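Please read the structure below before turning to the comments.
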Amino acid sequence: MGVGDEQGARHPAGWQGVGMPLDGDEPLDTGVPLDTNVPHIARVYDYWLGGKDNFAADRGLAEKFMAADPSVTAGVRSNRAFLGRAVHYLVTEAGIRQFLDIGTGIPTADNTHEVAQRVDPSARVVYVDNDPIVLIHARALLASHPAGATDYIDADLRDVGTILAAAARTLDFSQPVAVMLIGVLHCIPDEDYPGQLVATLMEAAAPGSYLALSHPAADIHAYEMAAGAAMMNRAMAGSITFRTRAQVAAYFTGLDLVEPGLVSTPQWRPGPGVRPKPLPGWVGVAVKPAAGRSRSRAGRRNTG
């Protein structure tokens, strides 16, 4: 969630070398620079998830978005649940034991390594974020089972070369890996070619690798989401871009989507007998086929 953040280039009033709050507004000194007077997307998401790592400015913006679209909290929590279901699927059904989780966000319950290592303690996970807030909490992401491994890379999604080189310390890219892009690509504007970033990551991955991706939708609750995005872009240092199903489908070009395809967040493998209503997000999981065998159906299915 920190990718695309511009706070490091701005130092308005309230800029402090501090950590996260002890009681919601009093920061703990850690030497990491945070601007507590300007809302930050990671802290806004933390508030929607029911966390305590946020400040008054974040809560204020979060509440305004909730007034514009009351479903946003359910959507964000559903996105987090999708992460857990996707990782569980990748370990138990797809046989994946390596994960590259980019745009990690503030750690919460059931982080990628926790879900994966619950099934197989030998799973290896590399987290990537360029957000100083996430860096403060990186220790929680490094609590690997002794049989496995985790690592944290402080890098921007747009610096794919740095990410791949550093991740290779922990992951074997000659073997399948799952690239997790959960709620991060909306922080990358179109002029930075997010589709090419995804393609470059998947080009570096071995056949049999997977892409798990989620993205806020511009075409579900369209009016409310547009109003919320405009509100956030006025208030935050960085910018966000919500996208349509067709735009998100393009990120899966050359890959084979697993069932049920590209769907609204709660509709991806929700469990037997569960028929959730659509929420404003698109999600999918796809596998990289052997050379010459791609039959990507990302743009052909509309089950959302």
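In the structure tokens, the first chain shown is A, the next is B, and so on; residue numbers restart at 1 for each chain, and ligands run from 1 in the order shown.
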*For Ser122 (chain A), please output as a VMD selection string all residues within 10 Å (counting only C-alpha atoms; exclusion window: fewer than 4 positions along the same chain).*
chain A and resid 97 to 98 113 116 to 118 144 to 149
Please, could you write that set of residues out with N, CA and C atoms as an mmCIF file, in the first residue's frame?
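Below you can see result36.cif, which holds the result:
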data_model
loop_
_atom_site.group_PDB
_atom_site.id
_atom_site.type_symbol
_atom_site.label_atom_id
_atom_site.label_comp_id
_atom_site.auth_asym_id
_atom_site.auth_seq_id
_atom_site.Cartn_x
_atom_site.Cartn_y
_atom_site.Cartn_z
ATOM 1 N N ARG A 97 5.360 -22.775 -2.796
ATOM 2 C CA ARG A 97 6.060 -22.665 -1.516
ATOM 3 C C ARG A 97 6.886 -21.390 -1.425
ATOM 4 N N GLN A 98 6.792 -20.520 -2.443
ATOM 5 C CA GLN A 98 7.546 -19.269 -2.462
ATOM 6 C C GLN A 98 6.595 -18.126 -2.821
ATOM 7 N N HIS A 113 3.007 -14.994 5.186
ATOM 8 C CA HIS A 113 3.835 -16.085 5.701
ATOM 9 C C HIS A 113 3.108 -16.901 6.758
ATOM 10 N N ALA A 116 0.702 -19.254 4.795
ATOM 11 C CA ALA A 116 1.455 -20.270 4.060
ATOM 12 C C ALA A 116 2.141 -21.250 4.996
ATOM 13 N N GLN A 117 2.786 -20.745 6.028
ATOM 14 C CA GLN A 117 3.556 -21.621 6.916
ATOM 15 C C GLN A 117 2.663 -22.419 7.865
ATOM 16 N N ARG A 118 1.414 -22.014 7.985
ATOM 17 C CA ARG A 118 0.460 -22.818 8.746
ATOM 18 C C ARG A 118 0.230 -24.156 8.039
ATOM 19 N N SER A 144 9.368 -15.706 10.967
ATOM 20 C CA SER A 144 9.178 -16.936 10.201
ATOM 21 C C SER A 144 9.263 -18.171 11.080
ATOM 22 N N HIS A 145 8.581 -19.222 10.648
ATOM 23 C CA HIS A 145 8.808 -20.540 11.241
ATOM 24 C C HIS A 145 10.260 -20.924 10.960
ATOM 25 N N PRO A 146 10.942 -21.557 11.895
ATOM 26 C CA PRO A 146 12.358 -21.906 11.674
ATOM 27 C C PRO A 146 12.608 -22.737 10.427
ATOM 28 N N ALA A 147 11.614 -23.495 9.999
ATOM 29 C CA ALA A 147 11.801 -24.329 8.804
ATOM 30 C C ALA A 147 11.716 -23.532 7.509
ATOM 31 N N GLY A 148 11.140 -22.342 7.582
ATOM 32 C CA GLY A 148 10.991 -21.515 6.393
ATOM 33 C C GLY A 148 11.855 -20.276 6.461
ATOM 34 N N ALA A 149 11.433 -19.216 5.769
ATOM 35 C CA ALA A 149 12.203 -17.974 5.774
ATOM 36 C C ALA A 149 11.312 -16.824 5.339
#
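Assigned to strand (DSSP E) in region 98-144 of chain A, given DSSP computed from backbone atoms, are Gln98, Phe99, Leu100, Asp101, Ile102, Arg124, Val125, Val126, Tyr127, Val128 and Asp129 of chain A.
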With N, CA and C atoms retained, could you export that selection as a PDB file, in the first residue's frame?
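For reference, out-v6.pdb as written:
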ATOM      1  N   GLN A  98       6.792 -20.520  -2.443  1.00  0.00           N
ATOM      2  CA  GLN A  98       7.546 -19.269  -2.462  1.00  0.00           C
ATOM      3  C   GLN A  98       6.595 -18.126  -2.821  1.00  0.00           C
ATOM      4  N   PHE A  99       6.721 -17.023  -2.090  1.00  0.00           N
ATOM      5  CA  PHE A  99       5.817 -15.891  -2.283  1.00  0.00           C
ATOM      6  C   PHE A  99       6.611 -14.588  -2.314  1.00  0.00           C
ATOM      7  N   LEU A 100       6.277 -13.738  -3.277  1.00  0.00           N
ATOM      8  CA  LEU A 100       6.818 -12.386  -3.361  1.00  0.00           C
ATOM      9  C   LEU A 100       5.637 -11.438  -3.198  1.00  0.00           C
ATOM     10  N   ASP A 101       5.507 -10.876  -2.002  1.00  0.00           N
ATOM     11  CA  ASP A 101       4.356 -10.061  -1.621  1.00  0.00           C
ATOM     12  C   ASP A 101       4.755  -8.591  -1.692  1.00  0.00           C
ATOM     13  N   ILE A 102       4.280  -7.890  -2.728  1.00  0.00           N
ATOM     14  CA  ILE A 102       4.681  -6.507  -2.987  1.00  0.00           C
ATOM     15  C   ILE A 102       3.535  -5.560  -2.636  1.00  0.00           C
ATOM     16  N   ARG A 124       8.583 -19.949   1.982  1.00  0.00           N
ATOM     17  CA  ARG A 124       9.474 -18.793   2.013  1.00  0.00           C
ATOM     18  C   ARG A 124       8.734 -17.588   1.435  1.00  0.00           C
ATOM     19  N   VAL A 125       8.850 -16.461   2.133  1.00  0.00           N
ATOM     20  CA  VAL A 125       8.092 -15.265   1.753  1.00  0.00           C
ATOM     21  C   VAL A 125       9.001 -14.046   1.794  1.00  0.00           C
ATOM     22  N   VAL A 126       8.948 -13.249   0.749  1.00  0.00           N
ATOM     23  CA  VAL A 126       9.638 -11.960   0.717  1.00  0.00           C
ATOM     24  C   VAL A 126       8.584 -10.865   0.611  1.00  0.00           C
ATOM     25  N   TYR A 127       8.626  -9.931   1.553  1.00  0.00           N
ATOM     26  CA  TYR A 127       7.722  -8.787   1.561  1.00  0.00           C
ATOM     27  C   TYR A 127       8.440  -7.570   0.982  1.00  0.00           C
ATOM     28  N   VAL A 128       7.676  -6.745   0.256  1.00  0.00           N
ATOM     29  CA  VAL A 128       8.238  -5.534  -0.339  1.00  0.00           C
ATOM     30  C   VAL A 128       7.292  -4.368  -0.083  1.00  0.00           C
ATOM     31  N   ASP A 129       7.836  -3.271   0.405  1.00  0.00           N
ATOM     32  CA  ASP A 129       7.073  -2.030   0.540  1.00  0.00           C
ATOM     33  C   ASP A 129       8.066  -0.882   0.651  1.00  0.00           C
TER      34      ASP A 129
END
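Residues in contact range of Ala206 (chain A), defined as at most 6 Å between only C-alpha atoms, with sequence neighbours fewer than 4 positions away removed, read Ser174, Gln175 and Pro176 of chain A.
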*Using CA of Ile182 (chain A) and CA of Ile153 (chain A) as the two end points, give the distance in Å to one decimal.*
16.3 Å
*From the set A:His88, A:Ala140, A:Asp156, A:Leu181, which residue has the shortest atom-to-atom contact distance to Ala123 (chain A), counting only C-alpha atoms?*
A:His88
_A:Asp131, A:Asp190, A:Asp120, A:Asp69 ranked by distance to Arg43 (chain A), top pick (using only C-alpha atoms)_ = A:Asp131
*Just the residues within 8 Å of Met232 (chain A), please, counting only C-alpha atoms, with nothing from its chain fewer than 6 positions along; format it as a list in words.*
Leu61, Phe65, Ser239 and Ile240 of chain A
*Got a sec: who's within 12 Å of Asn233 (chain A), counting only C-alpha atoms, leaving out chain neighbours fewer than 3 positions off, as a list in words?*
Asp5, Val38, Pro39, His40, Ile41, Leu61, Phe65, His186, Cys187, Pro189, Ala226, Ala227, Gly228, Ala229, Ala230, Met236, Ala237, Gly238, Ser239, Ile240, Thr241 and Phe242 of chain A
Would you mind exporting the chosen residues as a short mmCIF file (atom, residue, chain, number, x, y, z; two decimals), in the first residue's frame, restricted to N, CA and C atoms?
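Contents of result17.cif, as written:
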data_model
loop_
_atom_site.label_atom_id
_atom_site.label_comp_id
_atom_site.auth_asym_id
_atom_site.auth_seq_id
_atom_site.Cartn_x
_atom_site.Cartn_y
_atom_site.Cartn_z
N ASP A 5 3.87 6.31 -2.86
CA ASP A 5 3.84 7.34 -1.84
C ASP A 5 4.88 8.41 -2.12
N VAL A 38 -0.98 14.70 7.79
CA VAL A 38 -1.48 14.42 6.45
C VAL A 38 -1.94 12.97 6.39
N PRO A 39 -3.16 12.70 5.92
CA PRO A 39 -3.63 11.31 5.84
C PRO A 39 -2.71 10.47 4.97
N HIS A 40 -2.55 9.23 5.34
CA HIS A 40 -1.70 8.30 4.60
C HIS A 40 -2.50 7.06 4.29
N ILE A 41 -2.38 6.56 3.06
CA ILE A 41 -3.25 5.48 2.61
C ILE A 41 -3.10 4.22 3.46
N LEU A 61 -10.26 11.23 7.19
CA LEU A 61 -10.42 10.93 5.77
C LEU A 61 -11.17 9.61 5.58
N PHE A 65 -14.71 9.04 3.47
CA PHE A 65 -14.88 8.06 2.39
C PHE A 65 -16.03 7.12 2.73
N HIS A 186 -3.33 0.30 -7.54
CA HIS A 186 -4.05 1.57 -7.65
C HIS A 186 -3.18 2.74 -7.17
N CYS A 187 -2.05 2.44 -6.52
CA CYS A 187 -1.11 3.48 -6.13
C CYS A 187 -0.12 3.81 -7.25
N PRO A 189 0.18 5.26 -10.95
CA PRO A 189 -0.60 5.96 -11.99
C PRO A 189 -0.32 5.37 -13.37
N ALA A 226 -15.78 6.98 -7.29
CA ALA A 226 -15.16 8.15 -7.90
C ALA A 226 -15.09 9.30 -6.91
N ALA A 227 -16.17 9.48 -6.15
CA ALA A 227 -16.18 10.54 -5.15
C ALA A 227 -15.14 10.28 -4.07
N GLY A 228 -15.04 9.03 -3.65
CA GLY A 228 -14.06 8.69 -2.62
C GLY A 228 -12.63 8.86 -3.11
N ALA A 229 -12.35 8.45 -4.35
CA ALA A 229 -11.01 8.59 -4.90
C ALA A 229 -10.62 10.06 -5.02
N ALA A 230 -11.55 10.88 -5.49
CA ALA A 230 -11.26 12.31 -5.61
C ALA A 230 -10.97 12.92 -4.25
N MET A 236 -4.37 13.46 0.29
CA MET A 236 -3.13 12.74 0.52
C MET A 236 -2.00 13.29 -0.35
N ALA A 237 -0.78 12.97 0.06
CA ALA A 237 0.39 13.38 -0.71
C ALA A 237 0.49 12.59 -2.00
N GLY A 238 0.21 11.29 -1.96
CA GLY A 238 0.24 10.46 -3.15
C GLY A 238 -1.13 10.44 -3.81
N SER A 239 -1.21 9.78 -4.96
CA SER A 239 -2.48 9.70 -5.68
C SER A 239 -2.86 8.24 -5.87
N ILE A 240 -4.17 8.00 -6.05
CA ILE A 240 -4.66 6.66 -6.32
C ILE A 240 -5.51 6.67 -7.58
N THR A 241 -5.59 5.52 -8.24
CA THR A 241 -6.38 5.37 -9.46
C THR A 241 -7.17 4.08 -9.36
N PHE A 242 -8.48 4.19 -9.24
CA PHE A 242 -9.33 3.00 -9.30
C PHE A 242 -9.54 2.65 -10.77
#
*Tell me which of A:Gly254, A:Pro272, A:Gly75, A:Gly95 sits closest to His215 (chain A), counting only C-alpha atoms.*
A:Gly75
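Interatomic distance, CA of Lys288 (chain A) against CA of Asp256 (chain A): 6.5 Å.
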*CA of Met180 (chain A) to CA of Gly105 (chain A): how many Å, to one decimal?*
12.1 Å
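Nearest to Ala86 (chain A) of all the residues A:Thr36, A:Thr244, A:Thr170, A:Ser214 is A:Ser214, counting only C-alpha atoms.
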_Selected residue of minimal separation from Ser78 (chain A) among A:Val285, A:Leu279, A:Val119, A:Ile96, counting only C-alpha atoms_ = A:Leu279
_List as a list in words the protein and nucleic acid residues near Phe82 (chain A), meaning an atom at most 10 Å away when only C-alpha atoms are counted, but skip any in the same chain fewer than 4 places from it._
Val76, Arg77, Ser78, Ala86, Val87, His88, Ile182, Ala212, Leu213, Ser214, Thr265, Pro266, Gln267, Trp268, Arg269, Pro270, Val283 and Gly284 of chain A
Residue selection dump (C-alpha atoms) as a CSV table (one decimal), in the first residue's frame:
chain,number,residue,atom,x,y,z
A,76,VAL,CA,-11.2,-3.5,2.4
A,77,ARG,CA,-11.8,-6.3,4.9
A,78,SER,CA,-13.0,-8.6,2.1
A,86,ALA,CA,-5.6,-17.0,-2.2
A,87,VAL,CA,-2.5,-17.9,-0.2
A,88,HIS,CA,-4.2,-21.0,1.1
A,182,ILE,CA,-2.8,-7.2,-3.2
A,212,ALA,CA,-2.6,-13.1,-7.3
A,213,LEU,CA,-3.9,-9.6,-7.7
A,214,SER,CA,-6.6,-7.3,-6.2
A,265,THR,CA,-13.5,-9.5,-4.2
A,266,PRO,CA,-15.9,-11.6,-2.0
A,267,GLN,CA,-16.9,-13.8,-5.0
A,268,TRP,CA,-13.5,-15.5,-5.3
A,269,ARG,CA,-13.9,-19.0,-3.8
A,270,PRO,CA,-16.0,-17.8,-0.9
A,283,VAL,CA,-9.5,-10.0,-7.8
A,284,GLY,CA,-8.0,-12.9,-9.6
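Using only C-alpha atoms, the shortest contact distance between Leu135 (chain A) and any of A:Tyr89, A:Gln196, A:Thr73, A:Ala42 is found at A:Ala42.
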